[in-house]
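Okay, my_file09.pdb now, which holds PDB, C-alpha atoms and all ligand atoms:
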```
MODEL        1
ATOM      1  CA  MET A   1     320.166 141.664  92.119
ATOM      2  CA  SER A   2     321.317 138.798  94.353
ATOM      3  CA  PHE A   3     321.222 138.623  98.102
ATOM      4  CA  ALA A   4     322.941 136.405 100.650
ATOM      5  CA  PRO A   5     320.900 133.339 101.662
ATOM      6  CA  THR A   6     319.418 133.097 105.132
ATOM      7  CA  PRO A   7     321.905 131.408 107.462
ATOM      8  CA  SER A   8     320.909 128.264 109.294
ATOM      9  CA  VAL A   9     319.836 128.743 112.899
ATOM     10  CA  ARG A  10     321.565 126.701 115.604
ATOM     11  CA  GLY A  11     322.992 124.635 112.742
ATOM     12  CA  VAL A  12     319.432 123.747 111.651
ATOM     13  CA  PRO A  13     318.844 124.361 107.929
ATOM     14  CA  PRO A  14     315.789 126.517 107.118
ATOM     15  CA  THR A  15     313.639 123.609 105.837
ATOM     16  CA  ALA A  16     314.157 121.670 109.056
ATOM     17  CA  LEU A  17     313.619 124.819 111.121
ATOM     18  CA  TYR A  18     310.225 125.406 109.479
ATOM     19  CA  ALA A  19     309.276 121.755 110.033
ATOM     20  CA  GLU A  20     310.142 122.189 113.723
ATOM     21  CA  LEU A  21     308.253 125.481 113.950
ATOM     22  CA  HIS A  22     305.226 123.881 112.309
ATOM     23  CA  GLN A  23     305.187 121.088 114.893
ATOM     24  CA  VAL A  24     305.460 123.538 117.774
ATOM     25  CA  ALA A  25     302.881 125.945 116.320
ATOM     26  CA  HIS A  26     300.451 123.089 115.708
ATOM     27  CA  ALA A  27     300.825 121.952 119.313
ATOM     28  CA  VAL A  28     300.286 125.494 120.613
ATOM     29  CA  LEU A  29     297.412 126.571 118.330
ATOM     30  CA  HIS A  30     295.486 123.353 117.741
ATOM     31  CA  GLY A  31     292.197 123.212 119.611
ATOM     32  CA  GLU A  32     292.230 126.932 120.421
ATOM     33  CA  SER A  33     289.685 128.912 118.424
ATOM     34  CA  ASP A  34     290.554 132.389 119.693
ATOM     35  CA  LEU A  35     292.034 134.175 116.671
ATOM     36  CA  VAL A  36     293.758 136.884 118.674
ATOM     37  CA  ALA A  37     295.386 134.474 121.113
ATOM     38  CA  ASN A  38     296.622 132.285 118.263
ATOM     39  CA  ALA A  39     297.962 135.252 116.290
ATOM     40  CA  ALA A  40     299.760 136.481 119.407
ATOM     41  CA  ASN A  41     301.380 133.120 120.032
ATOM     42  CA  LEU A  42     302.361 132.583 116.392
ATOM     43  CA  SER A  43     303.923 136.056 116.253
ATOM     44  CA  ALA A  44     305.879 135.348 119.447
ATOM     45  CA  LEU A  45     307.069 131.995 118.125
ATOM     46  CA  LEU A  46     308.305 133.441 114.826
ATOM     47  CA  TRP A  47     309.899 136.440 116.538
ATOM     48  CA  GLU A  48     311.842 134.169 118.874
ATOM     49  CA  HIS A  49     313.066 131.658 116.311
ATOM     50  CA  LEU A  50     313.499 133.382 112.954
ATOM     51  CA  PRO A  51     316.676 135.436 112.496
ATOM     52  CA  ASP A  52     316.871 138.909 110.990
ATOM     53  CA  LEU A  53     313.315 140.094 111.603
ATOM     54  CA  ASN A  54     312.378 143.580 112.779
ATOM     55  CA  TRP A  55     308.618 143.007 112.785
ATOM     56  CA  VAL A  56     306.193 140.111 112.623
ATOM     57  CA  GLY A  57     302.462 140.189 113.147
ATOM     58  CA  VAL A  58     298.925 140.047 111.886
ATOM     59  CA  TYR A  59     296.507 142.540 110.388
ATOM     60  CA  TRP A  60     292.820 141.545 110.480
ATOM     61  CA  VAL A  61     290.260 142.555 107.896
ATOM     62  CA  GLY A  62     288.016 145.059 109.655
ATOM     63  CA  GLY A  63     289.759 144.660 113.020
ATOM     64  CA  THR A  64     288.089 143.812 116.314
ATOM     65  CA  PRO A  65     284.468 144.605 115.316
ATOM     66  CA  CYS A  66     284.704 141.969 112.569
ATOM     67  CA  LEU A  67     286.643 139.243 114.379
ATOM     68  CA  GLY A  68     283.538 137.225 115.249
ATOM     69  CA  ARG A  69     282.383 136.946 111.652
ATOM     70  CA  LEU A  70     285.689 136.433 109.835
ATOM     71  CA  GLY A  71     285.355 132.650 109.917
ATOM     72  CA  ASP A  72     281.809 132.674 108.516
ATOM     73  CA  ALA A  73     282.212 135.178 105.659
ATOM     74  CA  THR A  74     281.442 133.485 102.357
ATOM     75  CA  SER A  75     282.195 136.527 100.195
ATOM     76  CA  PRO A  76     284.623 139.458 100.484
ATOM     77  CA  SER A  77     281.618 141.754 100.033
ATOM     78  CA  GLN A  78     280.543 140.848 103.577
ATOM     79  CA  LEU A  79     283.712 142.370 105.022
ATOM     80  CA  PRO A  80     285.441 145.785 104.921
ATOM     81  CA  THR A  81     288.389 146.414 102.606
ATOM     82  CA  GLU A  82     290.617 147.689 105.359
ATOM     83  CA  LEU A  83     293.256 145.878 107.422
ATOM     84  CA  VAL A  84     293.593 146.733 111.098
ATOM     85  CA  LEU A  85     296.615 146.000 113.288
ATOM     86  CA  GLY A  86     296.414 142.822 115.370
ATOM     87  CA  PRO A  87     298.915 141.004 117.593
ATOM     88  CA  PHE A  88     302.547 141.571 116.668
ATOM     89  CA  GLN A  89     306.166 141.695 117.850
ATOM     90  CA  GLY A  90     308.421 144.615 117.024
ATOM     91  CA  LYS A  91     308.118 148.366 116.920
ATOM     92  CA  VAL A  92     304.900 150.375 116.913
ATOM     93  CA  ALA A  93     303.245 149.979 113.500
ATOM     94  CA  CYS A  94     300.642 151.714 111.370
ATOM     95  CA  VAL A  95     297.145 150.760 112.500
ATOM     96  CA  ARG A  96     294.924 150.879 109.396
ATOM     97  CA  ILE A  97     295.864 149.830 105.869
ATOM     98  CA  ASP A  98     293.390 150.068 103.015
ATOM     99  CA  PHE A  99     293.443 147.139 100.558
ATOM    100  CA  GLU A 100     294.675 149.641  97.946
ATOM    101  CA  ARG A 101     297.842 150.436  99.895
ATOM    102  CA  GLY A 102     301.194 148.848 100.628
ATOM    103  CA  VAL A 103     302.487 145.312 100.502
ATOM    104  CA  CYS A 104     299.863 144.170 102.993
ATOM    105  CA  GLY A 105     297.073 145.679 100.912
ATOM    106  CA  ALA A 106     298.446 143.983  97.791
ATOM    107  CA  ALA A 107     298.388 140.589  99.539
ATOM    108  CA  ALA A 108     294.831 141.138 100.778
ATOM    109  CA  ARG A 109     293.593 142.440  97.418
ATOM    110  CA  SER A 110     295.237 139.760  95.271
ATOM    111  CA  ARG A 111     294.868 136.875  97.767
ATOM    112  CA  ALA A 112     298.478 136.031  96.863
ATOM    113  CA  THR A 113     301.641 136.026  98.948
ATOM    114  CA  GLN A 114     303.842 139.059  98.375
ATOM    115  CA  ARG A 115     307.577 138.380  98.689
ATOM    116  CA  VAL A 116     309.442 141.639  98.267
ATOM    117  CA  ALA A 117     313.236 141.417  98.111
ATOM    118  CA  ASP A 118     313.710 145.180  98.365
ATOM    119  CA  VAL A 119     310.843 147.276  99.651
ATOM    120  CA  HIS A 120     312.374 150.377  98.035
ATOM    121  CA  ASP A 121     311.419 148.823  94.707
ATOM    122  CA  PHE A 122     307.786 148.238  95.718
ATOM    123  CA  PRO A 123     305.614 151.195  94.702
ATOM    124  CA  GLY A 124     303.422 152.226  97.619
ATOM    125  CA  HIS A 125     305.322 150.312 100.282
ATOM    126  CA  ILE A 126     304.336 151.679 103.707
ATOM    127  CA  ALA A 127     307.460 152.295 105.776
ATOM    128  CA  CYS A 128     306.233 151.745 109.350
ATOM    129  CA  ASP A 129     309.904 151.287 110.240
ATOM    130  CA  PRO A 130     312.468 152.839 107.878
ATOM    131  CA  ALA A 131     314.859 150.016 108.851
ATOM    132  CA  SER A 132     312.706 147.482 106.959
ATOM    133  CA  ARG A 133     314.295 146.393 103.681
ATOM    134  CA  SER A 134     312.463 143.206 102.706
ATOM    135  CA  GLU A 135     309.025 141.862 103.435
ATOM    136  CA  LEU A 136     306.905 138.713 103.225
ATOM    137  CA  VAL A 137     303.132 139.028 103.478
ATOM    138  CA  VAL A 138     300.873 135.967 103.407
ATOM    139  CA  PRO A 139     297.097 136.349 103.077
ATOM    140  CA  LEU A 140     295.017 134.518 105.672
ATOM    141  CA  LEU A 141     292.035 132.766 104.080
ATOM    142  CA  ASN A 142     289.032 131.332 105.902
ATOM    143  CA  GLY A 143     287.334 128.053 104.976
ATOM    144  CA  HIS A 144     285.446 129.835 102.169
ATOM    145  CA  ASP A 145     288.684 131.226 100.686
ATOM    146  CA  VAL A 146     287.816 134.753 101.808
ATOM    147  CA  VAL A 147     290.732 136.919 102.979
ATOM    148  CA  ILE A 148     290.376 137.597 106.702
ATOM    149  CA  GLY A 149     293.803 139.118 107.333
ATOM    150  CA  VAL A 150     297.485 138.927 106.538
ATOM    151  CA  LEU A 151     300.582 137.624 108.296
ATOM    152  CA  ASP A 152     303.380 140.148 107.758
ATOM    153  CA  LEU A 153     307.121 139.661 108.312
ATOM    154  CA  ASP A 154     309.661 142.452 107.882
ATOM    155  CA  SER A 155     313.437 142.283 107.822
ATOM    156  CA  PRO A 156     316.189 144.913 107.897
ATOM    157  CA  ARG A 157     318.112 142.695 105.441
ATOM    158  CA  PRO A 158     317.394 142.978 101.700
ATOM    159  CA  GLY A 159     316.395 139.616 100.209
ATOM    160  CA  ARG A 160     315.853 138.069 103.638
ATOM    161  CA  PHE A 161     312.961 135.850 102.485
ATOM    162  CA  ASP A 162     313.401 133.061  99.931
ATOM    163  CA  ALA A 163     311.102 130.371  98.572
ATOM    164  CA  THR A 164     311.736 128.177 101.620
ATOM    165  CA  ASP A 165     310.631 130.989 103.917
ATOM    166  CA  GLN A 166     307.559 131.580 101.781
ATOM    167  CA  ALA A 167     306.518 127.913 101.845
ATOM    168  CA  GLY A 168     307.232 127.654 105.574
ATOM    169  CA  ILE A 169     305.314 130.796 106.489
ATOM    170  CA  GLU A 170     302.393 129.907 104.214
ATOM    171  CA  ALA A 171     302.076 126.550 105.995
ATOM    172  CA  LEU A 172     302.238 128.254 109.395
ATOM    173  CA  ALA A 173     299.654 130.845 108.314
ATOM    174  CA  ARG A 174     297.213 128.028 107.504
ATOM    175  CA  LEU A 175     297.335 126.961 111.164
ATOM    176  CA  LEU A 176     295.919 130.359 112.026
ATOM    177  CA  THR A 177     292.842 130.336 109.846
ATOM    178  CA  PRO A 178     289.530 128.930 110.972
ATOM    179  CA  GLY A 179     288.141 126.134 108.865
ATOM    180  CA  ALA A 180     291.086 126.132 106.474
ATOM    181  CA  ALA A 181     292.955 122.890 105.819
ATOM    182  CA  SER A 182     296.175 122.557 107.794
TER     183      SER A 182
HETATM  184  N1  LIG A 201     305.147 147.613 105.176
HETATM  185  C1  LIG A 201     303.764 147.236 105.207
HETATM  186  C2  LIG A 201     303.033 147.941 106.320
HETATM  187  C3  LIG A 201     302.962 147.184 107.583
HETATM  188  S1  LIG A 201     304.369 147.224 108.464
HETATM  189  O1  LIG A 201     305.470 146.720 107.701
HETATM  190  C4  LIG A 201     304.245 146.528 109.928
HETATM  191  C5  LIG A 201     303.104 147.536 103.876
HETATM  192  O2  LIG A 201     303.694 148.143 102.986
HETATM  193  O3  LIG A 201     301.954 147.135 103.722
ENDMDL
END
```
Would you put the structure from the file into structure tokens?
Amino acid sequence: MSFAPTPSVRGVPPTALYAELHQVAHAVLHGESDLVANAANLSALLWEHLPDLNWVGVYWVGGTPCLGRLGDATSPSQLPTELVLGPFQGKVACVRIDFERGVCGAAARSRATQRVADVHDFPGHIACDPASRSELVVPLLNGHDVVIGVLDLDSPRPGRFDATDQAGIEALARLLTPGAAS
């Protein structure tokens, strides 16, 4: 199946757009250690500048009770295997996602980005918004390579996310993670 490529925004091709977004996100997030504040600002930035999104946000491993120890965890066994809704932009979303469920759970479980061209083809996809047709979920890793959350982007357009989006969002996600190289 083939899908139409993402159009450029304001005449800026996607690679240049992600370079710009990275500069802005670095300026906004650098030096701030509050995970929730940074996730809120990154979600707002992506929501404002990326076309064709119907949801963007973060799920944290274990949610608020675990936030203080996400950066220090040296093994996944020190953390729950449940994702809990964090800062986001878009419609109301499901709050708790077990690692065994959905695209977000697959990213958390496998520690690998999930780029799903058509969510109808993804067994177990969780339809928080039936309008969602494609999805990109990037795991957030701390300095010990332990998954502490995921950055999730949804689109109403099938095939919305390509390799350029994946590379751009993965680089932006690294700005969000404590102790990880950026
Ligand atoms: N679709 C996701 C659930 C989260 S929402 O899209 C915000 C999933 O299958 O994990």
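With all atoms listed in the file taken into account, the protein and nucleic acid residues at most 6 Å from range 100-108 of chain A (excluding it and anything under 5 positions from it in its own chain) are Thr113, Gln114, Gly124, His125, Ile126 and Pro139 of chain A.
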| task | Kindly work out which residues sit at most 9 Å from ligand LIG 201 (chain A), using only C-alpha atoms and all ligand atoms, and give the list as a PyMOL selection string. | result | chain A and resi 55-59+85+88+90-95+97+101-107+119+122+124-129+132+134-135+137+152-154
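Take the candidates A:Ile148, A:Leu29, A:Leu175, A:Leu35 and check each one against Gly62 in chain A using only C-alpha atoms; the shortest distance goes to A:Ile148.
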| request: Would you kindly return, as number ranges by chain, each protein, DNA or RNA residue with an atom no farther than 6 Å from any atom of range 63-78 of chain A, considering all atoms listed in the file and excluding same-chain residues fewer than 6 positions away? | output: A: 84, 142, 144, 146, 148, 178
| said: Can you spell out as a PyMOL selection string the set of residues that the PyMOL selection byres (((chain A and resi 133) around 9) and not hetatm) selects in the structure I just provided? | reply: chain A and resi 116-120+130-132+134-135+154-160
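For the pair CA of His30 in chain A and CA of Val150 in chain A, the separation is 19.3 Å.
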| said: So the first atom is CA of Glu48 in chain A and the second is CA of Ala163 in chain A; what is the distance between them in Å, to one decimal place? | reply: 20.7 Å
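The coordinates place CA of Glu32 in chain A at 27.1 Å from CA of Thr164 in chain A.
This file, filtered with the PyMOL selection byres (((chain A and resi 167) around 12) and not hetatm), gives the residues Pro14, Thr15, Tyr18, Ala19, His22, Thr113, Gln114, Arg115, Leu136, Val137, Val138, Phe161, Asp162, Ala163, Thr164, Asp165, Gln166, Gly168, Ile169, Glu170, Ala171, Leu172, Ala173 and Arg174 of chain A.
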| remark: Closest of A:Pro87, A:Val61, A:Gly31, A:Gln23 to Trp47 in chain A, counting only C-alpha atoms, is A:Pro87
To box range 118-123 of chain A, take all atoms listed in the file, fit an axis-aligned box, add 5 Å on each side, and give centre and edge lengths in Å to one decimal, as AutoDock Vina command-line options.
```
--center_x 309.7 --center_y 148.2 --center_z 97.2 --size_x 18.1 --size_y 16.0 --size_z 14.9
```
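Among the candidates A:Ser43, A:Asp52, A:Glu82, A:Arg111, the one nearest to Leu151 in chain A when counting all atoms listed in the file is A:Ser43.
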| If we count all atoms listed in the file, what is near Leu17 in chain A at a cut-off of 9 Å, once residues fewer than 3 positions away on the same chain are taken out, given as number ranges by chain? | A: 8-9, 12-14, 20-22, 49-50, 168
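Among the candidates A:Leu176, A:Leu83, A:Asp121, A:Leu42, the one nearest to Leu141 in chain A when counting only C-alpha atoms is A:Leu176.
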Student task, range 79-113 of chain A output with N, CA and C atoms as a PDB file, in the first residue's frame:
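Once everything was written out, this is result_14.pdb:
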```pdb
ATOM      1  N   LEU A  79      10.591  -0.791  37.882  1.00  0.00           N
ATOM      2  CA  LEU A  79       9.448   0.041  37.505  1.00  0.00           C
ATOM      3  C   LEU A  79       8.252  -0.830  37.135  1.00  0.00           C
ATOM      4  N   PRO A  80       7.021  -0.264  37.198  1.00  0.00           N
ATOM      5  CA  PRO A  80       5.841  -1.011  36.763  1.00  0.00           C
ATOM      6  C   PRO A  80       5.875  -1.263  35.254  1.00  0.00           C
ATOM      7  N   THR A  81       4.991  -2.137  34.805  1.00  0.00           N
ATOM      8  CA  THR A  81       4.871  -2.395  33.359  1.00  0.00           C
ATOM      9  C   THR A  81       3.543  -1.835  32.869  1.00  0.00           C
ATOM     10  N   GLU A  82       3.280  -0.629  33.270  1.00  0.00           N
ATOM     11  CA  GLU A  82       2.058   0.058  32.870  1.00  0.00           C
ATOM     12  C   GLU A  82       2.414   1.497  32.509  1.00  0.00           C
ATOM     13  N   LEU A  83       1.822   1.970  31.409  1.00  0.00           N
ATOM     14  CA  LEU A  83       1.985   3.372  30.996  1.00  0.00           C
ATOM     15  C   LEU A  83       0.795   4.167  31.500  1.00  0.00           C
ATOM     16  N   VAL A  84       1.065   5.389  31.954  1.00  0.00           N
ATOM     17  CA  VAL A  84      -0.019   6.241  32.450  1.00  0.00           C
ATOM     18  C   VAL A  84       0.056   7.584  31.717  1.00  0.00           C
ATOM     19  N   LEU A  85      -1.106   8.078  31.344  1.00  0.00           N
ATOM     20  CA  LEU A  85      -1.217   9.310  30.551  1.00  0.00           C
ATOM     21  C   LEU A  85      -0.491  10.479  31.205  1.00  0.00           C
ATOM     22  N   GLY A  86       0.300  11.177  30.404  1.00  0.00           N
ATOM     23  CA  GLY A  86       0.987  12.397  30.845  1.00  0.00           C
ATOM     24  C   GLY A  86       0.506  13.580  30.017  1.00  0.00           C
ATOM     25  N   PRO A  87       1.325  14.621  29.904  1.00  0.00           N
ATOM     26  CA  PRO A  87       0.924  15.811  29.157  1.00  0.00           C
ATOM     27  C   PRO A  87       0.671  15.500  27.685  1.00  0.00           C
ATOM     28  N   PHE A  88      -0.371  16.096  27.129  1.00  0.00           N
ATOM     29  CA  PHE A  88      -0.684  15.840  25.724  1.00  0.00           C
ATOM     30  C   PHE A  88      -1.478  16.988  25.132  1.00  0.00           C
ATOM     31  N   GLN A  89      -1.658  16.957  23.808  1.00  0.00           N
ATOM     32  CA  GLN A  89      -2.547  17.854  23.082  1.00  0.00           C
ATOM     33  C   GLN A  89      -3.470  16.982  22.258  1.00  0.00           C
ATOM     34  N   GLY A  90      -4.744  17.332  22.230  1.00  0.00           N
ATOM     35  CA  GLY A  90      -5.703  16.551  21.458  1.00  0.00           C
ATOM     36  C   GLY A  90      -6.875  16.161  22.327  1.00  0.00           C
ATOM     37  N   LYS A  91      -7.621  15.177  21.847  1.00  0.00           N
ATOM     38  CA  LYS A  91      -8.818  14.758  22.573  1.00  0.00           C
ATOM     39  C   LYS A  91      -8.473  13.919  23.798  1.00  0.00           C
ATOM     40  N   VAL A  92      -9.423  13.834  24.701  1.00  0.00           N
ATOM     41  CA  VAL A  92      -9.326  12.944  25.867  1.00  0.00           C
ATOM     42  C   VAL A  92      -8.831  11.569  25.427  1.00  0.00           C
ATOM     43  N   ALA A  93      -7.904  10.992  26.198  1.00  0.00           N
ATOM     44  CA  ALA A  93      -7.296   9.718  25.786  1.00  0.00           C
ATOM     45  C   ALA A  93      -7.379   8.694  26.904  1.00  0.00           C
ATOM     46  N   CYS A  94      -7.127   7.421  26.550  1.00  0.00           N
ATOM     47  CA  CYS A  94      -7.150   6.390  27.583  1.00  0.00           C
ATOM     48  C   CYS A  94      -6.001   6.636  28.562  1.00  0.00           C
ATOM     49  N   VAL A  95      -6.243   6.329  29.827  1.00  0.00           N
ATOM     50  CA  VAL A  95      -5.321   6.742  30.892  1.00  0.00           C
ATOM     51  C   VAL A  95      -4.225   5.706  31.129  1.00  0.00           C
ATOM     52  N   ARG A  96      -4.598   4.427  31.211  1.00  0.00           N
ATOM     53  CA  ARG A  96      -3.617   3.391  31.559  1.00  0.00           C
ATOM     54  C   ARG A  96      -3.485   2.375  30.440  1.00  0.00           C
ATOM     55  N   ILE A  97      -2.247   2.075  30.069  1.00  0.00           N
ATOM     56  CA  ILE A  97      -1.981   1.107  29.003  1.00  0.00           C
ATOM     57  C   ILE A  97      -0.928   0.118  29.504  1.00  0.00           C
ATOM     58  N   ASP A  98      -1.313  -1.120  29.636  1.00  0.00           N
ATOM     59  CA  ASP A  98      -0.359  -2.155  30.025  1.00  0.00           C
ATOM     60  C   ASP A  98       0.656  -2.357  28.892  1.00  0.00           C
ATOM     61  N   PHE A  99       1.886  -2.734  29.257  1.00  0.00           N
ATOM     62  CA  PHE A  99       2.924  -2.976  28.246  1.00  0.00           C
ATOM     63  C   PHE A  99       2.484  -4.028  27.219  1.00  0.00           C
ATOM     64  N   GLU A 100       1.518  -4.864  27.586  1.00  0.00           N
ATOM     65  CA  GLU A 100       1.076  -5.923  26.666  1.00  0.00           C
ATOM     66  C   GLU A 100       0.072  -5.414  25.633  1.00  0.00           C
ATOM     67  N   ARG A 101      -0.325  -4.144  25.753  1.00  0.00           N
ATOM     68  CA  ARG A 101      -1.434  -3.675  24.903  1.00  0.00           C
ATOM     69  C   ARG A 101      -1.028  -2.522  23.988  1.00  0.00           C
ATOM     70  N   GLY A 102      -1.620  -2.534  22.787  1.00  0.00           N
ATOM     71  CA  GLY A 102      -1.567  -1.384  21.899  1.00  0.00           C
ATOM     72  C   GLY A 102      -0.205  -1.085  21.305  1.00  0.00           C
ATOM     73  N   VAL A 103      -0.191  -0.016  20.516  1.00  0.00           N
ATOM     74  CA  VAL A 103       1.051   0.410  19.870  1.00  0.00           C
ATOM     75  C   VAL A 103       2.010   0.970  20.921  1.00  0.00           C
ATOM     76  N   CYS A 104       1.453   1.704  21.878  1.00  0.00           N
ATOM     77  CA  CYS A 104       2.290   2.260  22.943  1.00  0.00           C
ATOM     78  C   CYS A 104       2.931   1.152  23.766  1.00  0.00           C
ATOM     79  N   GLY A 105       2.140   0.140  24.109  1.00  0.00           N
ATOM     80  CA  GLY A 105       2.690  -0.983  24.869  1.00  0.00           C
ATOM     81  C   GLY A 105       3.782  -1.697  24.090  1.00  0.00           C
ATOM     82  N   ALA A 106       3.588  -1.839  22.779  1.00  0.00           N
ATOM     83  CA  ALA A 106       4.596  -2.514  21.951  1.00  0.00           C
ATOM     84  C   ALA A 106       5.910  -1.732  21.954  1.00  0.00           C
ATOM     85  N   ALA A 107       5.823  -0.398  21.902  1.00  0.00           N
ATOM     86  CA  ALA A 107       7.036   0.423  21.927  1.00  0.00           C
ATOM     87  C   ALA A 107       7.749   0.292  23.276  1.00  0.00           C
ATOM     88  N   ALA A 108       6.952   0.300  24.355  1.00  0.00           N
ATOM     89  CA  ALA A 108       7.546   0.203  25.693  1.00  0.00           C
ATOM     90  C   ALA A 108       8.177  -1.169  25.922  1.00  0.00           C
ATOM     91  N   ARG A 109       7.491  -2.195  25.464  1.00  0.00           N
ATOM     92  CA  ARG A 109       7.921  -3.588  25.674  1.00  0.00           C
ATOM     93  C   ARG A 109       9.185  -3.888  24.865  1.00  0.00           C
ATOM     94  N   SER A 110       9.190  -3.427  23.609  1.00  0.00           N
ATOM     95  CA  SER A 110      10.281  -3.785  22.693  1.00  0.00           C
ATOM     96  C   SER A 110      11.430  -2.782  22.736  1.00  0.00           C
ATOM     97  N   ARG A 111      11.204  -1.620  23.359  1.00  0.00           N
ATOM     98  CA  ARG A 111      12.167  -0.519  23.378  1.00  0.00           C
ATOM     99  C   ARG A 111      12.477  -0.032  21.970  1.00  0.00           C
ATOM    100  N   ALA A 112      11.568  -0.270  21.026  1.00  0.00           N
ATOM    101  CA  ALA A 112      11.790   0.129  19.636  1.00  0.00           C
ATOM    102  C   ALA A 112      10.630   1.000  19.155  1.00  0.00           C
ATOM    103  N   THR A 113      10.965   1.978  18.330  1.00  0.00           N
ATOM    104  CA  THR A 113       9.937   2.837  17.742  1.00  0.00           C
ATOM    105  C   THR A 113       8.950   2.007  16.937  1.00  0.00           C
TER     106      THR A 113
END
```
